[in-house]
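Enquirer: Handing over coords18.cif, mmCIF, C-alpha atoms and all ligand atoms.
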data_protein
loop_
_atom_site.label_atom_id
_atom_site.label_comp_id
_atom_site.auth_asym_id
_atom_site.auth_seq_id
_atom_site.Cartn_x
_atom_site.Cartn_y
_atom_site.Cartn_z
CA MET A 1 0.00 0.00 0.00
CA PHE A 2 1.34 3.47 -0.89
CA THR A 3 1.64 5.74 2.12
CA PRO A 4 1.88 9.42 1.17
CA TYR A 5 4.81 11.28 2.69
CA TYR A 6 3.53 14.76 1.82
CA ARG A 7 0.10 15.35 3.30
CA PRO A 8 -1.41 18.72 2.28
CA ARG A 9 -4.46 17.80 4.35
CA ARG A 10 -2.41 18.52 7.52
CA LEU A 11 -2.93 22.24 6.87
CA ARG A 12 -6.66 21.85 6.39
CA ARG A 13 -7.56 20.13 9.64
CA ASN A 14 -9.42 22.89 11.37
CA GLU A 15 -10.56 26.44 10.81
CA ASN A 16 -7.66 28.00 12.72
CA ILE A 17 -4.99 26.47 10.53
CA ARG A 18 -7.07 27.12 7.43
CA ARG A 19 -7.29 30.77 8.40
CA MET A 20 -3.53 30.90 8.99
CA VAL A 21 -2.63 29.59 5.55
CA ARG A 22 -5.39 31.37 3.64
CA GLU A 23 -3.84 33.17 0.67
CA THR A 24 -6.69 35.49 -0.26
CA ASN A 25 -8.67 37.56 2.20
CA LEU A 26 -11.58 39.56 0.95
CA SER A 27 -12.04 42.80 2.84
CA VAL A 28 -14.70 45.48 2.92
CA ASN A 29 -11.92 47.84 1.80
CA ASP A 30 -11.95 46.11 -1.60
CA LEU A 31 -15.57 46.87 -2.37
CA ILE A 32 -17.17 49.54 -4.55
CA TYR A 33 -20.98 49.67 -4.59
CA PRO A 34 -22.80 50.77 -7.79
CA LEU A 35 -25.84 53.05 -7.39
CA PHE A 36 -28.37 54.47 -9.86
CA VAL A 37 -29.81 57.96 -9.52
CA VAL A 38 -32.97 59.31 -11.20
CA GLU A 39 -34.95 62.57 -11.15
CA GLY A 40 -37.78 63.15 -8.70
CA SER A 41 -38.13 62.82 -4.97
CA ASP A 42 -39.00 59.87 -2.77
CA VAL A 43 -38.35 57.54 -5.74
CA ARG A 44 -37.16 54.03 -4.94
CA LYS A 45 -37.99 52.03 -8.03
CA PRO A 46 -36.95 48.37 -7.85
CA ILE A 47 -34.85 47.04 -10.72
CA SER A 48 -36.71 43.81 -11.36
CA SER A 49 -33.79 41.92 -12.87
CA MET A 50 -31.46 42.92 -10.01
CA PRO A 51 -33.24 42.13 -6.74
CA GLY A 52 -32.28 44.51 -3.93
CA ASN A 53 -31.15 47.27 -6.34
CA TYR A 54 -33.14 50.41 -7.04
CA GLN A 55 -33.28 53.55 -9.09
CA LEU A 56 -33.13 56.22 -6.39
CA SER A 57 -33.97 59.90 -6.42
CA ILE A 58 -31.32 62.16 -4.89
CA ASP A 59 -32.99 62.36 -1.45
CA LEU A 60 -33.12 58.58 -1.07
CA LEU A 61 -29.71 58.16 -2.68
CA VAL A 62 -28.27 60.22 0.15
CA LYS A 63 -29.98 57.97 2.71
CA GLU A 64 -28.65 54.89 0.95
CA ALA A 65 -25.16 56.40 0.86
CA ARG A 66 -25.26 56.86 4.64
CA GLU A 67 -26.09 53.20 5.06
CA VAL A 68 -23.29 52.17 2.68
CA GLN A 69 -20.85 54.32 4.59
CA LYS A 70 -21.95 52.86 7.94
CA LEU A 71 -21.24 49.39 6.61
CA GLY A 72 -17.63 50.44 6.10
CA ILE A 73 -17.73 50.32 2.30
CA PRO A 74 -15.26 53.00 1.18
CA ALA A 75 -16.73 53.94 -2.19
CA ILE A 76 -19.69 54.00 -4.52
CA ILE A 77 -19.82 54.31 -8.29
CA LEU A 78 -22.68 56.42 -9.49
CA PHE A 79 -24.76 56.09 -12.67
CA GLY A 80 -27.15 58.88 -13.65
CA ILE A 81 -30.40 58.45 -15.55
CA PRO A 82 -31.75 61.78 -16.82
CA ALA A 83 -35.42 62.63 -17.36
CA GLU A 84 -34.76 63.63 -20.96
CA LYS A 85 -32.46 61.93 -23.43
CA ASP A 86 -31.25 63.37 -26.72
CA ALA A 87 -28.85 62.55 -29.54
CA LEU A 88 -25.80 64.02 -27.79
CA GLY A 89 -26.74 63.07 -24.24
CA SER A 90 -26.64 66.71 -23.21
CA ASP A 91 -27.75 66.13 -19.61
CA ALA A 92 -24.40 64.38 -19.11
CA THR A 93 -22.39 67.56 -19.62
CA LYS A 94 -24.55 70.02 -17.67
CA ASN A 95 -23.45 71.37 -14.31
CA GLU A 96 -27.06 70.94 -13.21
CA GLY A 97 -27.48 67.47 -14.71
CA ILE A 98 -28.77 64.56 -12.67
CA ILE A 99 -25.40 63.09 -11.78
CA GLN A 100 -23.80 66.45 -11.02
CA ARG A 101 -26.59 67.36 -8.56
CA ALA A 102 -26.42 63.88 -7.05
CA VAL A 103 -22.66 64.13 -6.50
CA LYS A 104 -23.05 67.53 -4.85
CA ALA A 105 -25.76 66.27 -2.55
CA LEU A 106 -23.71 63.20 -1.63
CA LYS A 107 -20.55 65.13 -0.90
CA ASP A 108 -22.52 67.62 1.24
CA ALA A 109 -24.36 64.97 3.24
CA VAL A 110 -21.87 62.08 3.44
CA PRO A 111 -18.46 63.62 2.79
CA GLN A 112 -16.58 60.58 4.13
CA LEU A 113 -17.92 58.37 1.35
CA TYR A 114 -15.70 58.26 -1.75
CA VAL A 115 -17.75 59.04 -4.85
CA ILE A 116 -16.71 57.69 -8.23
CA THR A 117 -18.68 58.69 -11.32
CA ASP A 118 -19.21 56.50 -14.36
CA VAL A 119 -18.22 58.62 -17.33
CA CYS A 120 -20.19 57.61 -20.40
CA PHE A 121 -23.10 58.74 -22.58
CA CYS A 122 -25.22 55.62 -23.05
CA GLU A 123 -27.60 56.49 -20.20
CA TYR A 124 -28.05 59.99 -21.62
CA THR A 125 -28.45 59.48 -25.38
CA ASP A 126 -31.79 58.67 -27.01
CA HIS A 127 -30.05 56.07 -29.22
CA GLY A 128 -28.36 54.45 -26.20
CA HIS A 129 -24.84 54.47 -27.66
CA CYS A 130 -21.82 55.60 -25.67
CA GLY A 131 -21.11 58.81 -27.60
CA ALA A 132 -22.01 60.93 -30.63
CA VAL A 133 -23.32 58.83 -33.51
CA VAL A 134 -22.21 59.79 -37.02
CA GLU A 135 -23.34 57.66 -39.97
CA GLY A 136 -24.53 54.85 -37.75
CA ASP A 137 -21.39 54.52 -35.64
CA VAL A 138 -20.02 56.24 -32.56
CA ASP A 139 -17.61 58.97 -33.65
CA ASN A 140 -14.52 58.48 -31.55
CA ASP A 141 -12.89 61.89 -31.54
CA ALA A 142 -16.11 63.90 -31.28
CA THR A 143 -16.91 61.77 -28.23
CA LEU A 144 -13.49 62.50 -26.70
CA GLU A 145 -14.34 66.17 -26.69
CA MET A 146 -17.68 65.48 -25.01
CA LEU A 147 -15.94 63.28 -22.42
CA GLY A 148 -13.61 66.15 -21.58
CA GLU A 149 -16.60 68.41 -20.89
CA GLN A 150 -18.38 65.71 -18.91
CA VAL A 151 -15.52 65.05 -16.49
CA ILE A 152 -15.08 68.74 -15.73
CA THR A 153 -18.71 68.91 -14.60
CA HIS A 154 -18.22 65.81 -12.44
CA ALA A 155 -15.07 67.22 -10.89
CA LYS A 156 -16.75 70.59 -10.24
CA ALA A 157 -19.61 68.79 -8.53
CA GLY A 158 -17.09 67.19 -6.18
CA ALA A 159 -16.51 63.70 -7.59
CA ASP A 160 -13.52 62.01 -5.96
CA MET A 161 -12.67 59.89 -9.01
CA VAL A 162 -13.90 59.48 -12.57
CA ALA A 163 -14.32 56.18 -14.37
CA PRO A 164 -14.69 56.31 -18.15
CA SER A 165 -16.51 53.25 -19.47
CA GLY A 166 -17.14 54.06 -23.12
CA MET A 167 -14.10 52.30 -24.64
CA MET A 168 -13.22 55.23 -26.91
CA ASP A 169 -9.66 55.27 -28.19
CA GLY A 170 -7.71 57.91 -26.31
CA MET A 171 -10.40 58.47 -23.68
CA VAL A 172 -8.02 58.32 -20.72
CA GLY A 173 -5.62 60.82 -22.28
CA ALA A 174 -8.42 63.19 -23.26
CA ILE A 175 -9.92 63.04 -19.77
CA ARG A 176 -6.56 63.43 -18.01
CA GLU A 177 -5.79 66.48 -20.13
CA ALA A 178 -9.21 68.05 -19.53
CA LEU A 179 -8.91 67.52 -15.76
CA ASP A 180 -5.37 68.87 -15.60
CA ASP A 181 -6.15 71.90 -17.76
CA ASN A 182 -8.95 72.84 -15.39
CA GLY A 183 -7.09 72.48 -12.12
CA PHE A 184 -8.30 68.97 -11.26
CA GLU A 185 -4.93 67.25 -11.37
CA LYS A 186 -5.71 65.56 -8.03
CA ILE A 187 -8.68 63.61 -9.43
CA PRO A 188 -7.68 60.06 -10.40
CA VAL A 189 -8.97 58.18 -13.44
CA MET A 190 -10.10 54.57 -13.11
CA SER A 191 -10.28 53.31 -16.66
CA TYR A 192 -12.61 50.58 -17.84
CA ALA A 193 -9.57 49.55 -19.85
CA ALA A 194 -10.53 46.04 -20.92
CA LYS A 195 -14.27 46.15 -21.26
CA TYR A 196 -15.85 43.41 -23.30
CA SER A 197 -18.95 43.50 -25.45
CA SER A 198 -20.79 41.21 -23.06
CA ALA A 199 -24.29 39.81 -22.74
CA PHE A 200 -23.71 39.86 -18.97
CA TYR A 201 -24.64 43.59 -19.00
CA GLY A 202 -28.29 42.74 -19.78
CA PRO A 203 -29.83 43.55 -16.37
CA PHE A 204 -27.78 46.76 -16.04
CA ARG A 205 -29.33 48.09 -19.22
CA GLU A 206 -32.74 47.82 -17.57
CA ALA A 207 -31.34 49.54 -14.47
CA ALA A 208 -29.72 52.36 -16.43
CA GLU A 209 -32.22 52.43 -19.30
CA SER A 210 -29.21 52.36 -21.60
CA ALA A 211 -29.79 49.58 -24.14
CA PRO A 212 -28.66 50.61 -27.64
CA GLN A 213 -31.69 51.37 -29.81
CA PHE A 214 -29.97 50.07 -32.94
CA GLY A 215 -27.02 47.77 -33.47
CA ASP A 216 -24.75 46.84 -30.58
CA ARG A 217 -21.51 47.96 -28.98
CA ARG A 218 -19.12 45.74 -30.86
CA THR A 219 -17.41 48.61 -32.71
CA TYR A 220 -16.10 49.93 -29.40
CA GLN A 221 -16.28 47.20 -26.74
CA MET A 222 -13.96 44.23 -27.01
CA ASP A 223 -14.56 40.84 -28.55
CA PRO A 224 -14.95 38.25 -25.74
CA ALA A 225 -12.63 35.93 -27.69
CA ASN A 226 -9.62 38.23 -27.29
CA ALA A 227 -7.05 38.25 -24.50
CA ARG A 228 -3.90 39.83 -25.97
CA GLU A 229 -5.97 42.79 -27.13
CA ALA A 230 -6.90 43.45 -23.49
CA LEU A 231 -3.22 43.80 -22.60
CA TYR A 232 -2.73 46.26 -25.43
CA GLU A 233 -5.74 48.29 -24.25
CA VAL A 234 -4.31 48.31 -20.73
CA GLU A 235 -0.86 49.42 -21.93
CA LEU A 236 -2.39 52.31 -23.87
CA ASP A 237 -4.43 53.45 -20.87
CA ILE A 238 -1.38 53.35 -18.63
CA GLU A 239 0.56 55.46 -21.14
CA GLU A 240 -2.35 57.92 -21.21
CA GLY A 241 -2.26 58.29 -17.44
CA ALA A 242 -4.78 55.87 -15.94
CA ASP A 243 -4.46 55.48 -12.16
CA ILE A 244 -6.47 52.27 -11.83
CA ILE A 245 -7.09 49.67 -14.52
CA MET A 246 -10.41 47.86 -14.71
CA VAL A 247 -11.36 44.56 -16.31
CA LYS A 248 -15.04 43.98 -17.02
CA PRO A 249 -16.92 41.65 -16.68
CA ALA A 250 -15.08 39.67 -14.01
CA LEU A 251 -16.21 36.10 -13.79
CA SER A 252 -15.82 34.94 -17.38
CA TYR A 253 -12.64 37.02 -17.56
CA LEU A 254 -10.59 35.81 -14.60
CA ASP A 255 -7.77 34.95 -16.99
CA ILE A 256 -7.73 38.56 -18.18
CA ILE A 257 -7.62 39.86 -14.60
CA ARG A 258 -4.66 37.59 -13.92
CA ARG A 259 -2.79 38.64 -17.07
CA VAL A 260 -3.42 42.33 -16.42
CA ARG A 261 -2.18 41.86 -12.85
CA GLU A 262 1.03 40.46 -14.27
CA ILE A 263 1.77 43.39 -16.58
CA THR A 264 1.11 46.31 -14.23
CA ASP A 265 1.82 47.35 -10.68
CA LEU A 266 -1.10 49.80 -10.74
CA PRO A 267 -4.17 48.77 -8.78
CA VAL A 268 -6.46 46.48 -10.77
CA ALA A 269 -10.22 46.66 -10.43
CA ALA A 270 -12.76 44.13 -11.69
CA TYR A 271 -16.46 44.72 -12.31
CA ASN A 272 -18.62 41.85 -11.11
CA VAL A 273 -21.39 42.91 -13.50
CA SER A 274 -25.16 42.82 -13.36
CA GLY A 275 -25.64 39.49 -15.17
CA GLU A 276 -23.16 37.79 -12.85
CA PHE A 277 -25.12 39.13 -9.89
CA SER A 278 -28.57 38.32 -11.26
CA MET A 279 -27.67 34.72 -12.08
CA VAL A 280 -26.73 34.12 -8.46
CA LYS A 281 -29.88 35.86 -7.20
CA ALA A 282 -32.12 33.87 -9.54
CA ALA A 283 -30.59 30.52 -8.67
CA ALA A 284 -30.76 31.36 -4.96
CA GLN A 285 -34.43 32.33 -5.24
CA LEU A 286 -35.09 28.94 -6.80
CA GLY A 287 -33.31 27.33 -3.87
CA TRP A 288 -30.66 25.84 -6.13
CA ILE A 289 -27.60 27.45 -4.55
CA ASP A 290 -26.57 29.01 -1.26
CA GLU A 291 -26.44 32.72 -2.14
CA LYS A 292 -24.03 33.82 0.55
CA LYS A 293 -21.52 31.04 -0.05
CA VAL A 294 -21.63 31.37 -3.81
CA ALA A 295 -21.35 35.17 -3.73
CA MET A 296 -18.40 35.09 -1.34
CA GLU A 297 -16.71 32.38 -3.41
CA ILE A 298 -17.14 34.51 -6.54
CA LEU A 299 -15.76 37.65 -4.88
CA THR A 300 -12.84 35.70 -3.43
CA SER A 301 -12.07 34.19 -6.84
CA ILE A 302 -12.00 37.65 -8.43
CA LYS A 303 -9.54 38.80 -5.80
CA ARG A 304 -7.47 35.62 -6.09
CA ALA A 305 -7.24 36.18 -9.85
CA GLY A 306 -5.49 39.48 -9.09
CA ALA A 307 -8.06 42.20 -8.57
CA ASP A 308 -7.44 44.69 -5.75
CA LEU A 309 -10.86 46.30 -6.04
CA ILE A 310 -14.22 44.79 -6.91
CA LEU A 311 -17.22 46.73 -8.15
CA THR A 312 -20.17 44.61 -7.08
CA TYR A 313 -23.89 44.72 -6.38
CA PHE A 314 -23.10 42.29 -3.52
CA ALA A 315 -21.07 44.97 -1.72
CA LYS A 316 -23.61 45.66 1.04
CA ASP A 317 -24.34 42.00 1.66
CA ALA A 318 -20.66 41.11 1.53
CA ALA A 319 -19.86 43.84 4.05
CA LYS A 320 -22.42 42.33 6.42
CA TRP A 321 -21.26 38.77 5.81
CA LEU A 322 -17.65 39.77 6.43
CA ASN A 323 -18.71 41.12 9.82
CA GLU A 324 -20.57 38.00 10.91
C1 LIG W 401 -21.73 51.89 -19.67
C2 LIG W 401 -21.70 50.83 -18.63
C3 LIG W 401 -22.29 49.56 -18.71
C4 LIG W 401 -22.02 48.93 -17.49
C5 LIG W 401 -21.30 49.83 -16.72
N1 LIG W 401 -21.10 50.99 -17.45
C6 LIG W 401 -23.14 48.92 -19.72
C7 LIG W 401 -22.76 48.77 -21.13
O1 LIG W 401 -21.62 48.93 -21.53
O2 LIG W 401 -23.70 48.47 -21.87
C8 LIG W 401 -22.46 47.55 -17.14
C9 LIG W 401 -22.46 47.21 -15.70
C10 LIG W 401 -23.19 45.97 -15.35
O3 LIG W 401 -23.64 45.18 -16.20
O4 LIG W 401 -23.31 45.75 -14.14
N2 LIG W 401 -21.96 53.15 -19.13
#
Have the structure of the file written as structure tokens, please.
Ligand code: PBG
Expert:
Amino acid sequence: MFTPYYRPRRLRRNENIRRMVRETNLSVNDLIYPLFVVEGSDVRKPISSMPGNYQLSIDLLVKEAREVQKLGIPAIILFGIPAEKDALGSDATKNEGIIQRAVKALKDAVPQLYVITDVCFCEYTDHGHCGAVVEGDVDNDATLEMLGEQVITHAKAGADMVAPSGMMDGMVGAIREALDDNGFEKIPVMSYAAKYSSAFYGPFREAAESAPQFGDRRTYQMDPANAREALYEVELDIEEGADIIMVKPALSYLDIIRRVREITDLPVAAYNVSGEFSMVKAAAQLGWIDEKKVAMEILTSIKRAGADLILTYFAKDAAKWLNE
């Protein structure tokens, strides 16, 4: 009979030793909670495909932010949904737009909470694309100019960080330049550097009312089949001055997170997107999986793959579970 000499099971015998040799520890410090803000007051409209998530008017957003802050979550990322959409998404670049007023209200009421703004046009345009459409396609360089205007309004409103998600070529450089030229050199840029054209964004598009009205986003978001291209995107964003590099989605792209981790010493963020969240919620509601265990396993796997920060709709639950 073969008797093993090396016995890895020795270090798994009880929870104390397992804790001591644990390589990855998820912390509340890693979490960024996404929130959606709409016009009106006293609005708390459930997002049916994302149980536990709501479109909130500014007054209730502020209340929610207080709760998030009390849970020890350091940051939120904010998405604005305007009352009126038009071809250029003009609400996105107004100092009195929905997101700008929301940021101001948040920074007045809950100044300790770090506020990141999503910088994009798809929630603001009537066609649902992420910039100015010319001849049926998003015009890259016209959109860069609009992005420059947009970030200035976010910075003026008091945003702590901006996060461009539109996958325009040169967006990080254009935004960095606009911020610096206007005295906002202290505001960091978290770039959605490797953002894939993914069906996992389905529920978000209900939440943000941002589904493209024609075509899809494959002329700007990445092909899910590509990995080397993600590294190239990341290198460009680093050259342009990104402070944090994001990979999105997370779960089907753990290999990308790992490879990005290996080519940069900048912090890496991963977006555990709406579809990844909703699948867990749906299966849990059917009684097919244990929501808490599966969610924590997913978040841990994203961190183990190399992410420092995780944007996740599980942030509030995870903060509570981590405290249990
Ligand atoms: C674009 C944006 C999207 C998400 C974050 N920012 C959607 C898209 O590209 O269509 C998706 C987030 C999620 O699915 O949770 N502003």
Enquirer: Please compute the atom CA of A:Asp118-atom CA of A:Gly80 distance, one decimal, in Å.
Expert: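 Between atom CA of A:Asp118 and atom CA of A:Gly80 the gap is 8.3 Å.
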Enquirer: Select, from A:Ala315, A:Met296, A:Gln150, A:Phe79, the residue with the minimum atom-to-atom distance to ligand LIG 401 (chain W), counting all atoms listed in the file.
Expert: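 Ranking A:Ala315, A:Met296, A:Gln150, A:Phe79 by distance to ligand LIG 401 (chain W), first place goes to A:Phe79.
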Enquirer: Please, which residues in chain A fall within 9 Å of ligand LIG 401 (chain W) when counting all atoms listed in the file, and what is the closest atom pair and distance in Å to one decimal for each, ordered by chain then residue number, as a Markdown table?
Expert:
| residue | atom | partner | partner_atom | distance |
| --- | --- | --- | --- | --- |
| A:Pro34 | CA | W:LIG401 | O4 | 8.1 |
| A:Phe79 | CA | W:LIG401 | N2 | 7.6 |
| A:Asp118 | CA | W:LIG401 | N2 | 6.4 |
| A:Val119 | CA | W:LIG401 | N2 | 6.9 |
| A:Cys120 | CA | W:LIG401 | N2 | 5.0 |
| A:Phe121 | CA | W:LIG401 | N2 | 6.7 |
| A:Cys122 | CA | W:LIG401 | N2 | 5.7 |
| A:Glu123 | CA | W:LIG401 | N2 | 6.6 |
| A:Gly128 | CA | W:LIG401 | O2 | 8.7 |
| A:His129 | CA | W:LIG401 | O2 | 8.4 |
| A:Cys130 | CA | W:LIG401 | N2 | 7.0 |
| A:Pro164 | CA | W:LIG401 | N2 | 8.0 |
| A:Ser165 | CA | W:LIG401 | C1 | 5.4 |
| A:Gly166 | CA | W:LIG401 | C1 | 6.1 |
| A:Met167 | CA | W:LIG401 | O1 | 8.8 |
| A:Tyr192 | CA | W:LIG401 | N1 | 8.5 |
| A:Lys195 | CA | W:LIG401 | O1 | 7.9 |
| A:Tyr196 | CA | W:LIG401 | O1 | 8.2 |
| A:Ser197 | CA | W:LIG401 | O1 | 7.2 |
| A:Ser198 | CA | W:LIG401 | O2 | 7.9 |
| A:Ala199 | CA | W:LIG401 | O3 | 8.5 |
| A:Phe200 | CA | W:LIG401 | O3 | 6.0 |
| A:Tyr201 | CA | W:LIG401 | O3 | 3.4 |
| A:Gly202 | CA | W:LIG401 | O3 | 6.4 |
| A:Pro203 | CA | W:LIG401 | O3 | 6.4 |
| A:Phe204 | CA | W:LIG401 | O3 | 4.4 |
| A:Arg205 | CA | W:LIG401 | O2 | 6.2 |
| A:Ala207 | CA | W:LIG401 | O4 | 8.9 |
| A:Ala208 | CA | W:LIG401 | C6 | 8.1 |
| A:Ser210 | CA | W:LIG401 | O2 | 6.8 |
| A:Ala211 | CA | W:LIG401 | O2 | 6.6 |
| A:Pro212 | CA | W:LIG401 | O2 | 7.9 |
| A:Asp216 | CA | W:LIG401 | O2 | 8.9 |
| A:Arg217 | CA | W:LIG401 | O2 | 7.5 |
| A:Gln221 | CA | W:LIG401 | O1 | 7.7 |
| A:Lys248 | CA | W:LIG401 | C9 | 8.2 |
| A:Pro249 | CA | W:LIG401 | O3 | 7.6 |
| A:Tyr271 | CA | W:LIG401 | O4 | 7.2 |
| A:Asn272 | CA | W:LIG401 | O4 | 6.8 |
| A:Val273 | CA | W:LIG401 | O4 | 3.5 |
| A:Ser274 | CA | W:LIG401 | O4 | 3.6 |
| A:Gly275 | CA | W:LIG401 | O3 | 6.1 |
| A:Glu276 | CA | W:LIG401 | O4 | 8.1 |
| A:Phe277 | CA | W:LIG401 | O4 | 8.1 |
| A:Leu311 | CA | W:LIG401 | O4 | 8.6 |
| A:Thr312 | CA | W:LIG401 | O4 | 7.8 |
| A:Tyr313 | CA | W:LIG401 | O4 | 7.8 |
Enquirer: Around the point (-1.9, 52.1, -18.8) (coordinates from the file), which residues reach within 12 Å if we count all atoms listed in the file? Answer as an mmCIF file with C-alpha atoms, in the frame of the given file.
Expert:
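Full text of point20.cif as output:
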data_model
loop_
_atom_site.group_PDB
_atom_site.id
_atom_site.type_symbol
_atom_site.label_atom_id
_atom_site.label_comp_id
_atom_site.auth_asym_id
_atom_site.auth_seq_id
_atom_site.Cartn_x
_atom_site.Cartn_y
_atom_site.Cartn_z
ATOM 1 C CA GLY A 170 -7.710 57.910 -26.310
ATOM 2 C CA MET A 171 -10.400 58.470 -23.680
ATOM 3 C CA VAL A 172 -8.020 58.320 -20.720
ATOM 4 C CA GLY A 173 -5.620 60.820 -22.280
ATOM 5 C CA VAL A 189 -8.970 58.180 -13.440
ATOM 6 C CA MET A 190 -10.100 54.570 -13.110
ATOM 7 C CA SER A 191 -10.280 53.310 -16.660
ATOM 8 C CA TYR A 192 -12.610 50.580 -17.840
ATOM 9 C CA ALA A 193 -9.570 49.550 -19.850
ATOM 10 C CA ALA A 194 -10.530 46.040 -20.920
ATOM 11 C CA ALA A 230 -6.900 43.450 -23.490
ATOM 12 C CA LEU A 231 -3.220 43.800 -22.600
ATOM 13 C CA TYR A 232 -2.730 46.260 -25.430
ATOM 14 C CA GLU A 233 -5.740 48.290 -24.250
ATOM 15 C CA VAL A 234 -4.310 48.310 -20.730
ATOM 16 C CA GLU A 235 -0.860 49.420 -21.930
ATOM 17 C CA LEU A 236 -2.390 52.310 -23.870
ATOM 18 C CA ASP A 237 -4.430 53.450 -20.870
ATOM 19 C CA ILE A 238 -1.380 53.350 -18.630
ATOM 20 C CA GLU A 239 0.560 55.460 -21.140
ATOM 21 C CA GLU A 240 -2.350 57.920 -21.210
ATOM 22 C CA GLY A 241 -2.260 58.290 -17.440
ATOM 23 C CA ALA A 242 -4.780 55.870 -15.940
ATOM 24 C CA ASP A 243 -4.460 55.480 -12.160
ATOM 25 C CA ILE A 244 -6.470 52.270 -11.830
ATOM 26 C CA ILE A 245 -7.090 49.670 -14.520
ATOM 27 C CA MET A 246 -10.410 47.860 -14.710
ATOM 28 C CA VAL A 260 -3.420 42.330 -16.420
ATOM 29 C CA ARG A 261 -2.180 41.860 -12.850
ATOM 30 C CA ILE A 263 1.770 43.390 -16.580
ATOM 31 C CA THR A 264 1.110 46.310 -14.230
ATOM 32 C CA ASP A 265 1.820 47.350 -10.680
ATOM 33 C CA LEU A 266 -1.100 49.800 -10.740
ATOM 34 C CA PRO A 267 -4.170 48.770 -8.780
ATOM 35 C CA VAL A 268 -6.460 46.480 -10.770
#
Enquirer: Kindly give the distance, in Å, that separates atom CA of A:Arg19 and atom CA of A:Arg258, rounded to a single decimal.
Expert: 23.5 Å
Enquirer: Counting all atoms listed in the file, which of A:Met1, A:Gly131, A:Leu78, A:Asn95 gets nearest to A:Ala163?
Expert: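 Checking each of A:Met1, A:Gly131, A:Leu78, A:Asn95 against A:Ala163, counting all atoms listed in the file, the winner is A:Leu78.
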Enquirer: With distances taken over only C-alpha atoms, which of A:Ile302, A:Val103, A:Leu251, A:Leu179 is nearest to A:Met279?
Expert: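 Under the stated criterion, the closest residue is A:Leu251.
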Enquirer: Between atom CA of A:Ile98 and atom CA of A:Val38, what is the spacing in Å?
Expert: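 Between atom CA of A:Val38 and atom CA of A:Ile98 the gap is 6.9 Å.
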Enquirer: Near A:Pro74, counting all atoms listed in the file, which residues have an atom at most 9 Å away, once you skip same-chain residues fewer than 3 positions from it, shown as a list in words?
Expert: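 Near A:Pro74, the qualifying residues are Val28, Asn29, Asp30, Leu31, Ile32, Tyr33, Val68, Gln69, Leu71, Gln112, Leu113, Tyr114 and Val115 of chain A.
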Enquirer: Name the residues in contact with A:Val133 at a cut-off of 10 Å, using only C-alpha atoms, excluding same-chain residues fewer than 6 positions from it; report them as a list in words.
Expert: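 Near A:Val133, the qualifying residues are Ala87, Leu88, Thr125, His127, Asp139, Asn140, Ala142 and Thr143 of chain A.
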Enquirer: Restricting the calculation to only C-alpha atoms: of A:Val280, A:Ile58, A:Ala159, A:Ala132, which residue gets closest to A:Gly89?
Expert: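 Of A:Val280, A:Ile58, A:Ala159, A:Ala132, the one nearest A:Gly89 is A:Ala132, counting only C-alpha atoms.
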Enquirer: Could you tell me which of A:Asp137, A:Asp181, A:Asp290, A:Val151 comes closest to A:Arg218 if we count all atoms listed in the file?
Expert: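 Checking each of A:Asp137, A:Asp181, A:Asp290, A:Val151 against A:Arg218, counting all atoms listed in the file, the winner is A:Asp137.
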Enquirer: Would you pick out the contacts of A:Gly40 at 12 Å or less, using all atoms listed in the file, so that residues sharing its chain but fewer than 3 positions from it are not included, and give the list as a compact mmCIF listing (two decimals) with C-alpha atoms, in the frame of the given file?
Expert:
# COMPACT_ATOMS: atom_id res chain seq x y z
CA VAL A 37 -29.81 57.96 -9.52
CA VAL A 43 -38.35 57.54 -5.74
CA ARG A 44 -37.16 54.03 -4.94
CA LYS A 45 -37.99 52.03 -8.03
CA GLN A 55 -33.28 53.55 -9.09
CA LEU A 56 -33.13 56.22 -6.39
CA SER A 57 -33.97 59.90 -6.42
CA ILE A 58 -31.32 62.16 -4.89
CA ASP A 59 -32.99 62.36 -1.45
CA LEU A 60 -33.12 58.58 -1.07
CA LEU A 61 -29.71 58.16 -2.68
CA ILE A 81 -30.40 58.45 -15.55
CA PRO A 82 -31.75 61.78 -16.82
CA ALA A 83 -35.42 62.63 -17.36
CA ILE A 98 -28.77 64.56 -12.67
CA ARG A 101 -26.59 67.36 -8.56
CA ALA A 102 -26.42 63.88 -7.05
Enquirer: Select, from A:Ile152, A:Val138, A:Val62, A:Leu11, the residue with the minimum atom-to-atom distance to A:Lys94, counting all atoms listed in the file.
Expert: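 For A:Lys94, the nearest of the given residues is A:Ile152.
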Enquirer: Distance cut-off 12 Å, centre (-22.4, 30.3, -4.2) in file coordinates, counting all atoms listed in the file: which residues qualify? Return them as a list in words.
Expert: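 Residues with an atom close enough to that point: Glu276, Phe277, Met279, Val280, Lys281, Ala282, Ala283, Ala284, Gly287, Trp288, Ile289, Asp290, Glu291, Lys292, Lys293, Val294, Ala295, Met296, Glu297, Ile298, Leu299, Thr300 and Ser301 of chain A.
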